[in-house]
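Report on the following structure.
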Amino acid sequence: MSSNLSQNKKTVLSTQGYRGTRDFFPNDQRLQNYVYSKIHKLMHSFGYEEYNGPIVEHLELYAAKSSEEIVREQLYSFKDKGDRTLAIRPEMTPTLARMVASKQKELLKPIRWYSIPTCMRFERPQRGRLREFDQLNVDIFGGNSLDEDIEIILSAVDVLKCVGAKYEDFEVKINHRGIINSFLSNIMNVPEGNISSLLRLLDKKDKLSSDEFSVECKKLNLTQDQTNNLDQFLNSSIEEIISLLGDYAAPAKELKNRIDSLIELTSEKVIKFSPEIMRGFDYYTGMVFEVFDKHPDNQRALFGGGRYDNLIAAFGGDDLAGVGYGMGDVAIINFMEVHGYLPELKKETDVCVIRFSESDRISALKLSKELRALGLNTESPVTLSKFGKQIQNAEKVGAKAVAFRGNDEMVNNTFCVKWLLTGEQEIYNYEKEGFDLFYKKLKMN
């Protein structure tokens with residue numbers, strides 16, 4: 001008896017998704033579509049073309065080209081049925097480099113590409129970070145490095161401006177990998193084998209206390225004097241660093257040229273030299289930057305990027321320098337939220353068609369078809385209810401009008417429209433002229 005009962009008992013499935021992922025209900029999807037439409041328009045205005053790639057790649061692609069932290073701690077990897085080791089993409093840049101290298105000879109230079117792929121990283125979900133996220137990737141290859149670097153940061157600034165931001169809302173902190181490399185190698189005489197580890201430490205310095213930072217420096221065989229000199233260096237101006245580096249100041253002079261140009265094109269409120277900015281990816285070789293929110297409730301890095309001069313050649317292609325950035329969709333939504341830039345978005349229904357009985361199904365569907373042919377978002381009834389109830393439903397979905405054909409309208413070859421804002425009713429001929437008049441009036445309201 002108990003066995004039969006257990007067999008008949010239904011399994012209740014959880015309504016919770018996998019931790020760190022999201023459900024996009026229509027309201028959420030509406031907001032995402034709004035933001036993406038702004039980004040698509042902006043990218044096209046700069047001349048960038050959209051691309052995409054596979055959600056899985058061979059593991060070695062990321063092992064060779066992503067940060068050590070991502071590969072060691074955050075990568076979702078698995079074996080397929082052919083015993084191949086694959087990984088779900090944690091970022092897009094390695095795929096981008098592979099794609100460009102595969103058709104390098106055919107592509108018109110400069111290459112301006114962007115994408116908004118879904119990525120996954122196994123990390124602790126928190127504000128601004130999820131395990132599954134969409135990430136805007138913007139990259140340019142094959143041009144003059146100065147012009148490319150300026151353009152890529154201008155586009156990054158405009159991404160925030162296109163969703164309502166003002167210059168005082170955020171700042172772009174800019175550095176150059178060559179500056180810190182020159183300082184460590186030529187001024188501090190840090191062994192080459194220690195530089196990559198030290199760069200990774202500097203990348204997370206803002207998360208460490210002074211004592212913790214000193215302890216980590218000791219682990220890398222830095223003396224206390226070297227640690228103090230490094231700390232002083234990280235608080236220097238670009239002019240002070242140029243003087244300090246002397247004969248090794250070429251990267252600093254190169255960066256100052258970019259900063260001066262960007263300040264002239266935007267604002268000194270936005271563009272800041274920040275020698276502590278490192279970026280965690282090993283493939284960055286030149287300018288690097290991060291965009292920070294200045295709102296007290298969201299003071300954090302929103303996104304960043306940098307120049308990578310050797311990434312394409314790693315796939316056997318010719319040297320092709322590039323620069324780009326990646327911005328998660330969670331970060332930009334949080335930015336809009338704290339600054340009050342989230343729009344009120346409603347369902348985009350223009351008109352609802354109303355029915356009165358079972359017998360007018362076909363006439364209502366024909367009217368709906370005519371209205372959609374005009375380019376109007378038209379909802380047809382799928383349940384019968386009282387006239388007043390159908391009016392209320394139309395108001396709830398944001399329609400401007402309801403349209404219907406009763407007996408009189410069928411006899412007179414017309415259709416009736418009730419404008420929901422005013423309550424006014426009008427009759428239109430069921431001909432092209434009548435539909436055109438209705439369309440013009442609806443678009444004017």
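Chain labels A, B, ... are given in the sequence in which chains occur in the structure tokens; within each chain residues are numbered consecutively from 1, and ligands are likewise numbered from 1 in the order shown.
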
Which residues of stretch 70-135 of chain A sit at most 12 Å from stretch 28-38 of chain A, using only C-alpha atoms? Give each one's shortest atom pair and distance in Å (one decimal place), in chain and ascending residue order, as a Markdown table.
```
| residue | atom | partner | partner_atom | distance |
| --- | --- | --- | --- | --- |
| A:Ser115 | CA | A:Tyr36 | CA | 10.6 |
| A:Ile116 | CA | A:Tyr36 | CA | 8.5 |
| A:Pro117 | CA | A:Tyr36 | CA | 11.6 |
| A:Phe133 | CA | A:Gln32 | CA | 11.9 |
| A:Asp134 | CA | A:Gln32 | CA | 10.1 |
| A:Gln135 | CA | A:Tyr36 | CA | 10.8 |
```

Quick one: residues within 12 Å of A:His339, only C-alpha atoms counted, chain neighbours fewer than 3 positions away excluded, as a PDB file with N, CA and C atoms, in the first residue's frame?
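This went into out13.pdb:
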```pdb
ATOM      1  N   LEU A 160      28.052  54.858 -21.311  1.00  0.00           N
ATOM      2  CA  LEU A 160      27.350  55.336 -20.122  1.00  0.00           C
ATOM      3  C   LEU A 160      26.498  56.563 -20.444  1.00  0.00           C
ATOM      4  N   VAL A 163      22.941  55.931 -21.859  1.00  0.00           N
ATOM      5  CA  VAL A 163      21.868  55.517 -20.948  1.00  0.00           C
ATOM      6  C   VAL A 163      21.576  56.599 -19.910  1.00  0.00           C
ATOM      7  N   GLY A 164      22.057  57.820 -20.160  1.00  0.00           N
ATOM      8  CA  GLY A 164      21.669  58.953 -19.336  1.00  0.00           C
ATOM      9  C   GLY A 164      22.743  59.558 -18.474  1.00  0.00           C
ATOM     10  N   ALA A 165      23.937  58.970 -18.424  1.00  0.00           N
ATOM     11  CA  ALA A 165      24.965  59.424 -17.490  1.00  0.00           C
ATOM     12  C   ALA A 165      25.510  60.802 -17.846  1.00  0.00           C
ATOM     13  N   LYS A 166      25.965  61.498 -16.806  1.00  0.00           N
ATOM     14  CA  LYS A 166      26.672  62.779 -16.951  1.00  0.00           C
ATOM     15  C   LYS A 166      28.132  62.573 -16.567  1.00  0.00           C
ATOM     16  N   GLU A 168      29.956  63.903 -14.407  1.00  0.00           N
ATOM     17  CA  GLU A 168      30.244  63.862 -12.973  1.00  0.00           C
ATOM     18  C   GLU A 168      29.844  62.547 -12.316  1.00  0.00           C
ATOM     19  N   ASP A 169      29.175  61.660 -13.054  1.00  0.00           N
ATOM     20  CA  ASP A 169      28.706  60.399 -12.475  1.00  0.00           C
ATOM     21  C   ASP A 169      29.786  59.317 -12.402  1.00  0.00           C
ATOM     22  N   PHE A 170      30.838  59.441 -13.202  1.00  0.00           N
ATOM     23  CA  PHE A 170      31.810  58.355 -13.312  1.00  0.00           C
ATOM     24  C   PHE A 170      33.168  58.915 -13.693  1.00  0.00           C
ATOM     25  N   ASP A 293      32.186  53.944 -11.033  1.00  0.00           N
ATOM     26  CA  ASP A 293      30.994  54.682 -10.628  1.00  0.00           C
ATOM     27  C   ASP A 293      31.353  55.531  -9.409  1.00  0.00           C
ATOM     28  N   LYS A 294      30.961  56.813  -9.406  1.00  0.00           N
ATOM     29  CA  LYS A 294      31.263  57.699  -8.289  1.00  0.00           C
ATOM     30  C   LYS A 294      30.116  57.826  -7.297  1.00  0.00           C
ATOM     31  N   HIS A 295      28.985  57.153  -7.580  1.00  0.00           N
ATOM     32  CA  HIS A 295      27.846  57.251  -6.659  1.00  0.00           C
ATOM     33  C   HIS A 295      28.197  56.576  -5.338  1.00  0.00           C
ATOM     34  N   PRO A 296      27.883  57.214  -4.186  1.00  0.00           N
ATOM     35  CA  PRO A 296      28.256  56.640  -2.882  1.00  0.00           C
ATOM     36  C   PRO A 296      27.664  55.258  -2.619  1.00  0.00           C
ATOM     37  N   ASP A 297      26.547  54.921  -3.272  1.00  0.00           N
ATOM     38  CA  ASP A 297      25.939  53.611  -3.066  1.00  0.00           C
ATOM     39  C   ASP A 297      26.468  52.545  -4.015  1.00  0.00           C
ATOM     40  N   ASN A 298      27.398  52.944  -4.905  1.00  0.00           N
ATOM     41  CA  ASN A 298      27.883  51.970  -5.901  1.00  0.00           C
ATOM     42  C   ASN A 298      29.314  52.294  -6.313  1.00  0.00           C
ATOM     43  N   GLN A 299      30.147  52.670  -5.355  1.00  0.00           N
ATOM     44  CA  GLN A 299      31.514  53.071  -5.662  1.00  0.00           C
ATOM     45  C   GLN A 299      32.352  51.836  -5.978  1.00  0.00           C
ATOM     46  N   ILE A 332      25.981  47.800 -15.666  1.00  0.00           N
ATOM     47  CA  ILE A 332      25.364  49.006 -16.226  1.00  0.00           C
ATOM     48  C   ILE A 332      23.947  49.204 -15.692  1.00  0.00           C
ATOM     49  N   ILE A 333      23.228  48.105 -15.429  1.00  0.00           N
ATOM     50  CA  ILE A 333      21.888  48.232 -14.851  1.00  0.00           C
ATOM     51  C   ILE A 333      21.987  48.788 -13.433  1.00  0.00           C
ATOM     52  N   ASN A 334      22.955  48.290 -12.644  1.00  0.00           N
ATOM     53  CA  ASN A 334      23.149  48.819 -11.292  1.00  0.00           C
ATOM     54  C   ASN A 334      23.511  50.297 -11.329  1.00  0.00           C
ATOM     55  N   PHE A 335      24.353  50.671 -12.282  1.00  0.00           N
ATOM     56  CA  PHE A 335      24.731  52.083 -12.442  1.00  0.00           C
ATOM     57  C   PHE A 335      23.501  52.939 -12.728  1.00  0.00           C
ATOM     58  N   MET A 336      22.676  52.500 -13.661  1.00  0.00           N
ATOM     59  CA  MET A 336      21.466  53.252 -13.996  1.00  0.00           C
ATOM     60  C   MET A 336      20.522  53.353 -12.799  1.00  0.00           C
ATOM     61  N   LEU A 342      16.904  54.594 -14.680  1.00  0.00           N
ATOM     62  CA  LEU A 342      16.067  53.515 -15.186  1.00  0.00           C
ATOM     63  C   LEU A 342      14.766  54.090 -15.741  1.00  0.00           C
ATOM     64  N   PRO A 343      14.429  53.812 -16.980  1.00  0.00           N
ATOM     65  CA  PRO A 343      13.201  54.357 -17.573  1.00  0.00           C
ATOM     66  C   PRO A 343      11.972  53.564 -17.124  1.00  0.00           C
TER      67      PRO A 343
END
```

Just want the 12 Å neighbourhood of A:Val270, counted on only C-alpha atoms, with same-chain residues fewer than 5 positions away dropped. Output as a PyMOL selection string. chain A and resi 153-154+156-158+160-161+165-174+259-260+262-265+290-294

Give me a file of those residues, with N, CA and C atoms, as a PDB file, in the first residue's frame.
```
ATOM      1  N   ILE A 153      38.232  54.522 -25.751  1.00  0.00           N
ATOM      2  CA  ILE A 153      37.786  55.128 -24.484  1.00  0.00           C
ATOM      3  C   ILE A 153      36.634  56.096 -24.723  1.00  0.00           C
ATOM      4  N   LEU A 154      36.652  56.803 -25.839  1.00  0.00           N
ATOM      5  CA  LEU A 154      35.504  57.659 -26.165  1.00  0.00           C
ATOM      6  C   LEU A 154      34.228  56.834 -26.278  1.00  0.00           C
ATOM      7  N   ALA A 156      33.675  53.987 -24.753  1.00  0.00           N
ATOM      8  CA  ALA A 156      33.340  53.531 -23.405  1.00  0.00           C
ATOM      9  C   ALA A 156      32.622  54.619 -22.619  1.00  0.00           C
ATOM     10  N   VAL A 157      33.089  55.842 -22.753  1.00  0.00           N
ATOM     11  CA  VAL A 157      32.422  56.979 -22.109  1.00  0.00           C
ATOM     12  C   VAL A 157      31.000  57.131 -22.641  1.00  0.00           C
ATOM     13  N   ASP A 158      30.855  57.009 -23.952  1.00  0.00           N
ATOM     14  CA  ASP A 158      29.542  57.199 -24.569  1.00  0.00           C
ATOM     15  C   ASP A 158      28.565  56.063 -24.256  1.00  0.00           C
ATOM     16  N   LEU A 160      28.052  54.858 -21.311  1.00  0.00           N
ATOM     17  CA  LEU A 160      27.350  55.336 -20.122  1.00  0.00           C
ATOM     18  C   LEU A 160      26.498  56.563 -20.444  1.00  0.00           C
ATOM     19  N   LYS A 161      26.998  57.435 -21.280  1.00  0.00           N
ATOM     20  CA  LYS A 161      26.223  58.623 -21.625  1.00  0.00           C
ATOM     21  C   LYS A 161      24.946  58.265 -22.379  1.00  0.00           C
ATOM     22  N   ALA A 165      23.937  58.970 -18.424  1.00  0.00           N
ATOM     23  CA  ALA A 165      24.965  59.424 -17.490  1.00  0.00           C
ATOM     24  C   ALA A 165      25.510  60.802 -17.846  1.00  0.00           C
ATOM     25  N   LYS A 166      25.965  61.498 -16.806  1.00  0.00           N
ATOM     26  CA  LYS A 166      26.672  62.779 -16.951  1.00  0.00           C
ATOM     27  C   LYS A 166      28.132  62.573 -16.567  1.00  0.00           C
ATOM     28  N   TYR A 167      28.989  63.489 -16.992  1.00  0.00           N
ATOM     29  CA  TYR A 167      30.417  63.343 -16.736  1.00  0.00           C
ATOM     30  C   TYR A 167      30.728  63.215 -15.244  1.00  0.00           C
ATOM     31  N   GLU A 168      29.956  63.903 -14.407  1.00  0.00           N
ATOM     32  CA  GLU A 168      30.244  63.862 -12.973  1.00  0.00           C
ATOM     33  C   GLU A 168      29.844  62.547 -12.316  1.00  0.00           C
ATOM     34  N   ASP A 169      29.175  61.660 -13.054  1.00  0.00           N
ATOM     35  CA  ASP A 169      28.706  60.399 -12.475  1.00  0.00           C
ATOM     36  C   ASP A 169      29.786  59.317 -12.402  1.00  0.00           C
ATOM     37  N   PHE A 170      30.838  59.441 -13.202  1.00  0.00           N
ATOM     38  CA  PHE A 170      31.810  58.355 -13.312  1.00  0.00           C
ATOM     39  C   PHE A 170      33.168  58.915 -13.693  1.00  0.00           C
ATOM     40  N   GLU A 171      34.197  58.072 -13.596  1.00  0.00           N
ATOM     41  CA  GLU A 171      35.523  58.464 -14.061  1.00  0.00           C
ATOM     42  C   GLU A 171      36.225  57.273 -14.704  1.00  0.00           C
ATOM     43  N   VAL A 172      37.110  57.598 -15.649  1.00  0.00           N
ATOM     44  CA  VAL A 172      37.882  56.580 -16.355  1.00  0.00           C
ATOM     45  C   VAL A 172      39.320  56.668 -15.855  1.00  0.00           C
ATOM     46  N   LYS A 173      39.766  55.619 -15.162  1.00  0.00           N
ATOM     47  CA  LYS A 173      41.128  55.578 -14.638  1.00  0.00           C
ATOM     48  C   LYS A 173      42.008  54.837 -15.640  1.00  0.00           C
ATOM     49  N   ILE A 174      43.085  55.505 -16.066  1.00  0.00           N
ATOM     50  CA  ILE A 174      43.903  54.993 -17.164  1.00  0.00           C
ATOM     51  C   ILE A 174      45.341  54.776 -16.708  1.00  0.00           C
ATOM     52  N   ILE A 259      45.990  60.786 -22.562  1.00  0.00           N
ATOM     53  CA  ILE A 259      45.202  61.435 -21.510  1.00  0.00           C
ATOM     54  C   ILE A 259      44.891  62.883 -21.876  1.00  0.00           C
ATOM     55  N   ASP A 260      45.885  63.603 -22.370  1.00  0.00           N
ATOM     56  CA  ASP A 260      45.670  65.009 -22.749  1.00  0.00           C
ATOM     57  C   ASP A 260      44.610  65.120 -23.850  1.00  0.00           C
ATOM     58  N   LEU A 262      42.187  62.936 -24.539  1.00  0.00           N
ATOM     59  CA  LEU A 262      40.878  62.523 -24.027  1.00  0.00           C
ATOM     60  C   LEU A 262      40.252  63.586 -23.133  1.00  0.00           C
ATOM     61  N   ILE A 263      41.074  64.282 -22.352  1.00  0.00           N
ATOM     62  CA  ILE A 263      40.539  65.374 -21.522  1.00  0.00           C
ATOM     63  C   ILE A 263      39.975  66.473 -22.410  1.00  0.00           C
ATOM     64  N   GLU A 264      40.677  66.781 -23.494  1.00  0.00           N
ATOM     65  CA  GLU A 264      40.191  67.819 -24.415  1.00  0.00           C
ATOM     66  C   GLU A 264      38.883  67.411 -25.078  1.00  0.00           C
ATOM     67  N   LEU A 265      38.725  66.115 -25.336  1.00  0.00           N
ATOM     68  CA  LEU A 265      37.530  65.622 -26.027  1.00  0.00           C
ATOM     69  C   LEU A 265      36.368  65.323 -25.084  1.00  0.00           C
ATOM     70  N   GLU A 290      39.995  51.357 -16.390  1.00  0.00           N
ATOM     71  CA  GLU A 290      38.775  50.897 -15.738  1.00  0.00           C
ATOM     72  C   GLU A 290      37.861  52.102 -15.540  1.00  0.00           C
ATOM     73  N   VAL A 291      36.569  51.862 -15.675  1.00  0.00           N
ATOM     74  CA  VAL A 291      35.558  52.899 -15.497  1.00  0.00           C
ATOM     75  C   VAL A 291      34.909  52.688 -14.131  1.00  0.00           C
ATOM     76  N   PHE A 292      34.891  53.733 -13.314  1.00  0.00           N
ATOM     77  CA  PHE A 292      34.395  53.648 -11.943  1.00  0.00           C
ATOM     78  C   PHE A 292      33.150  54.501 -11.747  1.00  0.00           C
ATOM     79  N   ASP A 293      32.186  53.944 -11.033  1.00  0.00           N
ATOM     80  CA  ASP A 293      30.994  54.682 -10.628  1.00  0.00           C
ATOM     81  C   ASP A 293      31.353  55.531  -9.409  1.00  0.00           C
ATOM     82  N   LYS A 294      30.961  56.813  -9.406  1.00  0.00           N
ATOM     83  CA  LYS A 294      31.263  57.699  -8.289  1.00  0.00           C
ATOM     84  C   LYS A 294      30.116  57.826  -7.297  1.00  0.00           C
TER      85      LYS A 294
END
```

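Using only C-alpha atoms, the smallest distance between any of A:Leu136, A:Thr223, A:Glu337, A:Leu442 and A:His40 comes from A:Leu136.
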
Write out as an MDAnalysis selection string all residues of stretch 362-406 of chain A that backbone DSSP assigns to helix (DSSP H, G or I). chainID A and resid 362:373 387:396

Strand (DSSP E) per DSSP on the backbone: members of stretch 209-397 of chain A, as a PyMOL selection string: chain A and resi 271-273+287-293+301-308+322-328+351-353+378-379

Create the file for the chosen residues now, containing N, CA and C atoms and written as a compact mmCIF listing (two decimals), in the first residue's frame.
```
# COMPACT_ATOMS: atom_id res chain seq x y z
N ILE A 271 38.55 61.83 -17.03
CA ILE A 271 39.78 61.14 -17.38
C ILE A 271 40.83 61.34 -16.29
N LYS A 272 41.29 60.23 -15.70
CA LYS A 272 42.24 60.29 -14.59
C LYS A 272 43.40 59.30 -14.84
N PHE A 273 44.63 59.77 -14.58
CA PHE A 273 45.75 58.84 -14.58
C PHE A 273 45.78 58.10 -13.24
N MET A 287 48.17 50.39 -22.96
CA MET A 287 47.21 51.13 -22.15
C MET A 287 46.17 50.20 -21.55
N VAL A 288 45.84 50.41 -20.28
CA VAL A 288 44.76 49.69 -19.61
C VAL A 288 43.90 50.73 -18.90
N PHE A 289 42.62 50.39 -18.70
CA PHE A 289 41.74 51.36 -18.05
C PHE A 289 40.58 50.66 -17.36
N GLU A 290 39.99 51.36 -16.39
CA GLU A 290 38.77 50.90 -15.74
C GLU A 290 37.86 52.10 -15.54
N VAL A 291 36.57 51.86 -15.68
CA VAL A 291 35.56 52.90 -15.50
C VAL A 291 34.91 52.69 -14.13
N PHE A 292 34.89 53.73 -13.31
CA PHE A 292 34.39 53.65 -11.94
C PHE A 292 33.15 54.50 -11.75
N ASP A 293 32.19 53.94 -11.03
CA ASP A 293 30.99 54.68 -10.63
C ASP A 293 31.35 55.53 -9.41
N ALA A 301 34.33 49.51 -9.59
CA ALA A 301 34.67 49.45 -11.01
C ALA A 301 33.48 48.87 -11.77
N LEU A 302 33.09 49.54 -12.84
CA LEU A 302 31.98 49.08 -13.67
C LEU A 302 32.47 48.16 -14.78
N PHE A 303 33.55 48.54 -15.43
CA PHE A 303 34.12 47.72 -16.50
C PHE A 303 35.48 48.26 -16.87
N GLY A 304 36.20 47.53 -17.72
CA GLY A 304 37.53 47.98 -18.12
C GLY A 304 38.04 47.23 -19.32
N GLY A 305 39.26 47.57 -19.71
CA GLY A 305 39.86 46.95 -20.88
C GLY A 305 41.28 47.41 -21.07
N GLY A 306 41.79 47.22 -22.28
CA GLY A 306 43.16 47.63 -22.55
C GLY A 306 43.67 47.15 -23.90
N ARG A 307 44.95 47.43 -24.13
CA ARG A 307 45.61 47.12 -25.40
C ARG A 307 46.32 45.78 -25.30
N TYR A 308 46.16 44.98 -26.35
CA TYR A 308 46.84 43.69 -26.43
C TYR A 308 47.49 43.59 -27.81
N GLY A 322 45.62 45.27 -31.06
CA GLY A 322 44.22 45.61 -30.82
C GLY A 322 44.03 46.23 -29.46
N VAL A 323 42.86 46.80 -29.26
CA VAL A 323 42.49 47.38 -27.97
C VAL A 323 40.98 47.20 -27.81
N GLY A 324 40.54 46.93 -26.59
CA GLY A 324 39.12 46.72 -26.39
C GLY A 324 38.74 46.71 -24.93
N TYR A 325 37.45 46.49 -24.67
CA TYR A 325 36.96 46.41 -23.30
C TYR A 325 35.75 45.50 -23.24
N GLY A 326 35.43 45.07 -22.02
CA GLY A 326 34.25 44.27 -21.76
C GLY A 326 33.46 44.85 -20.62
N MET A 327 32.13 44.95 -20.79
CA MET A 327 31.27 45.54 -19.76
C MET A 327 30.08 44.63 -19.50
N GLY A 328 29.92 44.16 -18.27
CA GLY A 328 28.81 43.29 -17.92
C GLY A 328 27.48 44.03 -17.86
N VAL A 351 -3.05 48.88 -30.05
CA VAL A 351 -4.52 48.78 -30.11
C VAL A 351 -4.95 47.36 -29.74
N CYS A 352 -6.08 47.24 -29.07
CA CYS A 352 -6.68 45.95 -28.77
C CYS A 352 -7.98 45.82 -29.55
N VAL A 353 -8.17 44.66 -30.16
CA VAL A 353 -9.43 44.39 -30.87
C VAL A 353 -10.39 43.70 -29.90
N THR A 378 -0.92 44.88 -32.29
CA THR A 378 -2.36 44.66 -32.11
C THR A 378 -2.62 43.35 -31.37
N GLU A 379 -3.37 43.43 -30.27
CA GLU A 379 -3.73 42.23 -29.51
C GLU A 379 -5.15 41.80 -29.87
```

Selection near A:Cys119, 12 Å with only C-alpha atoms, sequence-local residues under 3 positions removed, as number ranges by chain: A: 20-21, 52-57, 74-76, 87-93, 95, 115-116, 122, 129-137, 326-329

Save the residues we just selected, N, CA, C and O atoms, as a tab-separated table (two decimals), in the first residue's frame?
```tsv
chain	number	residue	atom	x	y	z
A	20	GLY	N	23.22	32.29	-9.09
A	20	GLY	CA	24.04	33.16	-9.91
A	20	GLY	C	23.53	33.36	-11.32
A	20	GLY	O	24.17	34.02	-12.13
A	21	THR	N	22.36	32.75	-11.63
A	21	THR	CA	21.71	32.98	-12.92
A	21	THR	C	20.43	33.77	-12.70
A	21	THR	O	20.00	33.96	-11.57
A	52	ASN	N	29.48	37.28	-33.28
A	52	ASN	CA	29.23	36.36	-32.18
A	52	ASN	C	30.06	35.11	-32.40
A	52	ASN	O	30.66	34.92	-33.45
A	53	GLY	N	30.11	34.24	-31.40
A	53	GLY	CA	30.90	33.02	-31.49
A	53	GLY	C	30.27	31.95	-30.62
A	53	GLY	O	29.23	32.17	-29.99
A	54	PRO	N	30.88	30.76	-30.56
A	54	PRO	CA	30.30	29.65	-29.81
A	54	PRO	C	30.35	29.88	-28.31
A	54	PRO	O	31.26	30.53	-27.79
A	55	ILE	N	29.39	29.29	-27.61
A	55	ILE	CA	29.35	29.42	-26.15
A	55	ILE	C	30.34	28.46	-25.49
A	55	ILE	O	30.68	28.61	-24.32
A	56	VAL	N	30.83	27.46	-26.23
A	56	VAL	CA	31.86	26.55	-25.72
A	56	VAL	C	33.08	26.61	-26.63
A	56	VAL	O	32.96	26.79	-27.84
A	57	GLU	N	34.24	26.48	-26.02
A	57	GLU	CA	35.50	26.45	-26.75
A	57	GLU	C	36.37	25.34	-26.14
A	57	GLU	O	36.08	24.84	-25.04
A	74	GLN	N	37.38	29.84	-11.85
A	74	GLN	CA	36.07	30.29	-12.30
A	74	GLN	C	35.57	29.60	-13.56
A	74	GLN	O	34.44	29.84	-13.97
A	75	LEU	N	36.37	28.75	-14.15
A	75	LEU	CA	35.99	28.17	-15.43
A	75	LEU	C	35.04	26.99	-15.26
A	75	LEU	O	35.26	26.12	-14.43
A	76	TYR	N	33.96	26.98	-16.04
A	76	TYR	CA	33.07	25.82	-16.13
A	76	TYR	C	33.61	24.93	-17.26
A	76	TYR	O	33.51	25.30	-18.44
A	87	ALA	N	35.11	24.11	-22.43
A	87	ALA	CA	34.76	25.06	-21.38
A	87	ALA	C	33.69	26.02	-21.89
A	87	ALA	O	33.69	26.39	-23.08
A	88	ILE	N	32.78	26.40	-21.02
A	88	ILE	CA	31.82	27.45	-21.33
A	88	ILE	C	32.56	28.78	-21.27
A	88	ILE	O	33.34	29.02	-20.35
A	89	ARG	N	32.33	29.65	-22.24
A	89	ARG	CA	33.14	30.87	-22.33
A	89	ARG	C	32.97	31.73	-21.08
A	89	ARG	O	31.86	32.09	-20.70
A	90	PRO	N	34.09	32.12	-20.46
A	90	PRO	CA	34.06	33.04	-19.33
A	90	PRO	C	34.25	34.49	-19.78
A	90	PRO	O	34.00	35.43	-19.04
A	91	GLU	N	34.73	34.66	-21.01
A	91	GLU	CA	34.96	35.97	-21.62
A	91	GLU	C	35.01	35.76	-23.12
A	91	GLU	O	35.06	34.63	-23.61
A	92	MET	N	35.01	36.86	-23.87
A	92	MET	CA	34.90	36.76	-25.33
A	92	MET	C	36.22	37.00	-26.06
A	92	MET	O	36.38	36.59	-27.21
A	93	THR	N	37.19	37.65	-25.42
A	93	THR	CA	38.38	38.08	-26.14
A	93	THR	C	39.17	36.92	-26.77
A	93	THR	O	39.60	37.04	-27.93
A	95	THR	N	38.02	34.11	-27.97
A	95	THR	CA	37.26	33.72	-29.16
A	95	THR	C	37.40	34.76	-30.26
A	95	THR	O	37.58	34.42	-31.44
A	115	SER	N	30.25	42.77	-29.62
A	115	SER	CA	29.37	41.65	-29.37
A	115	SER	C	28.80	41.76	-27.96
A	115	SER	O	29.39	42.43	-27.10
A	116	ILE	N	27.65	41.13	-27.72
A	116	ILE	CA	27.07	41.08	-26.37
A	116	ILE	C	26.75	39.62	-26.05
A	116	ILE	O	25.59	39.21	-26.02
A	122	PHE	N	32.40	30.72	-12.50
A	122	PHE	CA	32.03	30.19	-11.19
A	122	PHE	C	32.65	31.08	-10.12
A	122	PHE	O	33.81	30.94	-9.76
A	129	ARG	N	27.95	41.18	-9.69
A	129	ARG	CA	28.60	39.98	-10.20
A	129	ARG	C	27.67	38.79	-10.10
A	129	ARG	O	27.13	38.51	-9.03
A	130	LEU	N	27.48	38.10	-11.20
A	130	LEU	CA	26.71	36.87	-11.23
A	130	LEU	C	27.54	35.79	-11.92
A	130	LEU	O	28.58	36.08	-12.50
A	131	ARG	N	27.07	34.56	-11.86
A	131	ARG	CA	27.77	33.49	-12.55
A	131	ARG	C	27.46	33.48	-14.04
A	131	ARG	O	28.32	33.17	-14.86
A	132	GLU	N	26.25	33.81	-14.39
A	132	GLU	CA	25.86	33.94	-15.79
A	132	GLU	C	25.57	35.41	-16.06
A	132	GLU	O	24.81	36.04	-15.32
A	133	PHE	N	26.17	35.95	-17.09
A	133	PHE	CA	26.01	37.38	-17.37
A	133	PHE	C	26.23	37.63	-18.85
A	133	PHE	O	26.89	36.85	-19.54
A	134	ASP	N	25.68	38.72	-19.33
A	134	ASP	CA	25.97	39.19	-20.68
A	134	ASP	C	27.07	40.23	-20.58
A	134	ASP	O	27.11	41.00	-19.60
A	135	GLN	N	27.93	40.28	-21.57
A	135	GLN	CA	29.03	41.23	-21.52
A	135	GLN	C	29.23	41.90	-22.88
A	135	GLN	O	29.48	41.23	-23.89
A	136	LEU	N	29.10	43.21	-22.91
A	136	LEU	CA	29.42	43.96	-24.11
A	136	LEU	C	30.93	43.92	-24.32
A	136	LEU	O	31.70	44.23	-23.42
A	137	ASN	N	31.35	43.51	-25.52
A	137	ASN	CA	32.77	43.50	-25.89
A	137	ASN	C	32.95	44.40	-27.10
A	137	ASN	O	32.26	44.24	-28.11
A	326	GLY	N	35.43	45.07	-22.02
A	326	GLY	CA	34.25	44.27	-21.76
A	326	GLY	C	33.46	44.85	-20.62
A	326	GLY	O	34.03	45.22	-19.58
A	327	MET	N	32.13	44.95	-20.79
A	327	MET	CA	31.27	45.54	-19.76
A	327	MET	C	30.08	44.63	-19.50
A	327	MET	O	29.32	44.33	-20.42
A	328	GLY	N	29.92	44.16	-18.27
A	328	GLY	CA	28.81	43.29	-17.92
A	328	GLY	C	27.48	44.03	-17.86
A	328	GLY	O	27.43	45.20	-17.45
A	329	ASP	N	26.40	43.35	-18.26
A	329	ASP	CA	25.08	44.00	-18.25
A	329	ASP	C	24.61	44.30	-16.83
A	329	ASP	O	23.89	45.26	-16.60
```
